[in-house]
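Shown below: coords-v3.cif, with mmCIF, C-alpha atoms.
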```cif
data_query
#
loop_
_atom_site.group_PDB
_atom_site.id
_atom_site.type_symbol
_atom_site.label_atom_id
_atom_site.label_comp_id
_atom_site.auth_asym_id
_atom_site.auth_seq_id
_atom_site.Cartn_x
_atom_site.Cartn_y
_atom_site.Cartn_z
ATOM 1 C CA MET A 15 0.000 0.000 0.000
ATOM 2 C CA ASN A 16 1.383 3.415 -0.984
ATOM 3 C CA THR A 17 1.410 6.173 1.563
ATOM 4 C CA GLN A 18 1.207 9.852 0.666
ATOM 5 C CA SER A 19 4.942 10.294 1.299
ATOM 6 C CA GLU A 20 5.755 7.355 -0.998
ATOM 7 C CA ARG A 21 3.759 8.955 -3.829
ATOM 8 C CA ARG A 22 5.456 12.325 -3.466
ATOM 9 C CA ARG A 23 8.049 13.095 -6.086
ATOM 10 C CA ASP A 24 10.173 15.297 -3.812
ATOM 11 C CA PRO A 25 10.983 15.141 -0.077
ATOM 12 C CA ARG A 26 9.286 17.705 2.165
ATOM 13 C CA ILE A 27 10.387 19.441 5.331
ATOM 14 C CA PRO A 28 8.283 21.062 8.057
ATOM 15 C CA VAL A 29 8.310 24.875 8.026
ATOM 16 C CA ASP A 30 6.179 27.592 9.556
ATOM 17 C CA TRP A 31 6.756 30.493 7.199
ATOM 18 C CA PRO A 32 4.211 33.279 6.843
ATOM 19 C CA VAL A 33 2.503 33.227 3.439
ATOM 20 C CA VAL A 34 0.233 35.604 1.544
ATOM 21 C CA LEU A 35 -2.116 34.049 -0.997
ATOM 22 C CA LYS A 36 -3.298 36.538 -3.621
ATOM 23 C CA THR A 37 -6.926 36.054 -4.729
ATOM 24 C CA PRO A 38 -9.278 38.092 -6.930
ATOM 25 C CA LYS A 39 -10.982 39.262 -3.704
ATOM 26 C CA GLY A 40 -7.751 40.304 -1.981
ATOM 27 C CA ALA A 41 -4.880 38.852 0.001
ATOM 28 C CA ILE A 42 -5.245 36.079 2.571
ATOM 29 C CA ARG A 43 -2.564 35.495 5.198
ATOM 30 C CA GLY A 44 -1.659 32.046 6.415
ATOM 31 C CA MET A 45 1.231 29.790 7.380
ATOM 32 C CA THR A 46 3.042 26.991 5.610
ATOM 33 C CA ALA A 47 3.093 23.512 7.130
ATOM 34 C CA ASN A 48 5.697 21.905 4.888
ATOM 35 C CA ILE A 49 7.578 22.558 1.666
ATOM 36 C CA SER A 50 9.466 20.773 -1.105
ATOM 37 C CA ILE A 51 11.072 22.055 -4.290
ATOM 38 C CA SER A 52 7.818 21.318 -6.123
ATOM 39 C CA GLY A 53 5.112 22.533 -3.722
ATOM 40 C CA LEU A 54 3.799 23.116 -0.241
ATOM 41 C CA ALA A 55 0.836 22.836 2.096
ATOM 42 C CA LEU A 56 -0.737 26.035 3.342
ATOM 43 C CA LEU A 57 -2.637 26.398 6.581
ATOM 44 C CA LEU A 58 -5.204 29.132 6.155
ATOM 45 C CA PHE A 59 -6.992 30.791 9.044
ATOM 46 C CA THR A 60 -10.133 31.789 7.138
ATOM 47 C CA GLU A 61 -12.380 30.108 4.596
ATOM 48 C CA VAL A 62 -10.773 28.259 1.713
ATOM 49 C CA PRO A 63 -10.284 31.024 -0.845
ATOM 50 C CA GLU A 64 -11.861 31.234 -4.259
ATOM 51 C CA ILE A 65 -8.907 30.832 -6.576
ATOM 52 C CA GLY A 66 -8.454 30.160 -10.258
ATOM 53 C CA ASP A 67 -6.362 27.519 -11.947
ATOM 54 C CA GLU A 68 -3.186 29.434 -11.178
ATOM 55 C CA PHE A 69 -2.556 32.027 -8.493
ATOM 56 C CA GLN A 70 0.326 33.758 -6.782
ATOM 57 C CA ILE A 71 1.651 33.309 -3.276
ATOM 58 C CA ILE A 72 4.429 35.087 -1.437
ATOM 59 C CA LEU A 73 6.457 33.139 1.135
ATOM 60 C CA LYS A 74 8.556 34.831 3.799
ATOM 61 C CA PRO A 75 11.214 32.329 4.979
ATOM 62 C CA SER A 76 13.160 35.093 6.752
ATOM 63 C CA GLU A 77 12.995 38.802 7.491
ATOM 64 C CA ASP A 78 15.270 39.611 4.566
ATOM 65 C CA HIS A 79 13.916 37.253 1.897
ATOM 66 C CA GLU A 80 10.627 36.776 0.032
ATOM 67 C CA ILE A 81 9.788 34.037 -2.437
ATOM 68 C CA SER A 82 7.086 34.806 -4.995
ATOM 69 C CA VAL A 83 5.697 31.794 -6.865
ATOM 70 C CA THR A 84 2.800 30.963 -9.130
ATOM 71 C CA CYS A 85 0.900 27.881 -7.952
ATOM 72 C CA LYS A 86 -1.815 25.423 -8.840
ATOM 73 C CA LYS A 87 -4.145 23.973 -6.181
ATOM 74 C CA ILE A 88 -3.783 20.205 -5.770
ATOM 75 C CA TRP A 89 -6.084 19.577 -2.798
ATOM 76 C CA SER A 90 -8.115 21.420 -0.207
ATOM 77 C CA GLY A 91 -9.798 20.446 3.030
ATOM 78 C CA SER A 92 -9.818 20.696 6.796
ATOM 79 C CA ILE A 93 -6.675 20.032 8.793
ATOM 80 C CA ILE A 94 -6.617 19.292 12.530
ATOM 81 C CA LEU A 95 -3.483 20.552 14.235
ATOM 82 C CA ASP A 96 -3.029 20.887 17.995
ATOM 83 C CA GLU A 97 -6.773 20.294 18.503
ATOM 84 C CA SER A 98 -7.653 23.231 16.205
ATOM 85 C CA VAL A 99 -9.247 22.950 12.767
ATOM 86 C CA TYR A 100 -7.784 24.933 9.871
ATOM 87 C CA ASN A 101 -8.839 25.251 6.249
ATOM 88 C CA GLY A 102 -5.896 24.187 4.155
ATOM 89 C CA ILE A 103 -4.775 23.780 0.570
ATOM 90 C CA GLY A 104 -1.858 21.980 -0.997
ATOM 91 C CA VAL A 105 -0.243 23.498 -4.062
ATOM 92 C CA CYS A 106 2.391 22.712 -6.650
ATOM 93 C CA PHE A 107 4.642 25.416 -8.021
ATOM 94 C CA THR A 108 4.079 26.228 -11.685
ATOM 95 C CA LYS A 109 6.464 29.213 -11.868
ATOM 96 C CA ILE A 110 9.401 29.791 -9.516
ATOM 97 C CA SER A 111 12.746 31.471 -10.107
ATOM 98 C CA SER A 112 15.777 29.215 -10.303
ATOM 99 C CA SER A 113 17.381 31.028 -7.340
ATOM 100 C CA ASP A 114 14.284 30.463 -5.171
ATOM 101 C CA ARG A 115 14.100 26.800 -6.231
ATOM 102 C CA GLU A 116 17.789 26.418 -5.311
ATOM 103 C CA LEU A 117 17.166 28.051 -1.911
ATOM 104 C CA ILE A 118 14.319 25.622 -1.155
ATOM 105 C CA ALA A 119 16.383 22.665 -2.407
ATOM 106 C CA SER A 120 19.282 23.606 -0.122
ATOM 107 C CA LEU A 121 16.951 23.958 2.896
ATOM 108 C CA VAL A 122 15.430 20.521 2.196
ATOM 109 C CA ALA A 123 18.863 18.938 1.749
ATOM 110 C CA ASP A 124 20.246 20.567 4.919
ATOM 111 C CA TYR A 125 17.218 19.403 6.946
ATOM 112 C CA HIS A 126 17.687 15.789 5.832
ATOM 113 C CA LEU A 127 21.368 15.894 6.851
ATOM 114 C CA ILE A 128 20.476 16.652 10.469
#
```

Show this structure as structure tokens.
Amino acid sequence: MNTQSERRRDPRIPVDWPVVLKTPKGAIRGMTANISISGLALLLFTEVPEIGDEFQIILKPSEDHEISVTCKKIWSGSIILDESVYNGIGVCFTKISSSDRELIASLVADYHLI
């Protein structure tokens, strides 16, 4: 039986970066749960947003760096974390700069060396 992690193309690491999801109705703030070089899971604190096929998000891994990517929604649903329920979505990156992809790849590699 395949588990979700076995089906994933790329390894993921846990992160808790602030994220801004840009929608036609405005920006929605949330937090990331995990990330890989191909996508991430977002924990949103409001309703699941109305988004099109592709949309933009901005990640803030540190005070001095932002990552802007174009994404496609892969899944959405409720997530229970620490006895609280969040609305979440998982996305894959459709457009990301090579420098930002390299940054994420190095963070994933460094995490797995620990």

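All residues of protein, DNA or RNA that reach within 6 Å of stretch 64-79 of chain A, judged by all atoms listed in the file and not counting those fewer than 4 positions away in the chain, are Trp31, Pro32, Val33, Val34, Leu35, Lys36, Thr37, Val83, Thr84, Cys85 and Lys86 of chain A.
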
Next item on the list: Go through the shown structure with the PyMOL selection byres ((chain A and resi 51-58) around 6) and write out the matching residues as a PyMOL selection string.
Entry: chain A and resi 44-50+59-60+101-107+115+118-119

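Closest approach to A:Trp89 from the set A:Ala123, A:Val62, A:Ile42, A:Ile27 is made by A:Val62, with distances taken over all atoms listed in the file.
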
Note to self: Report, in Å to a single decimal, how far apart atom CA of A:Ile81 and atom CA of A:Asp114 are.
What the structure shows: 6.4 Å

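Atom CA of A:Ile93 lies 27.2 Å from atom CA of A:Asp124.
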
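If you look at atom CA of A:Gly40 and atom CA of A:Ser113, they are 27.3 Å away from each other.
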
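Distances here use all atoms listed in the file; by that measure, the residue among A:Lys109, A:Lys39, A:Lys87, A:Arg26 closest to A:Val122 is A:Arg26.
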
Notebook entry, point to check: Quick one: of A:Ser82, A:Ser92, A:Tyr125, A:Val29, who's nearest to A:Ile110, counting only C-alpha atoms?
Noted result: A:Ser82

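Considering all atoms listed in the file, the residue among A:Ser120, A:Asp96, A:Ile88, A:Arg43 positioned nearest to A:Thr108 is A:Ile88.
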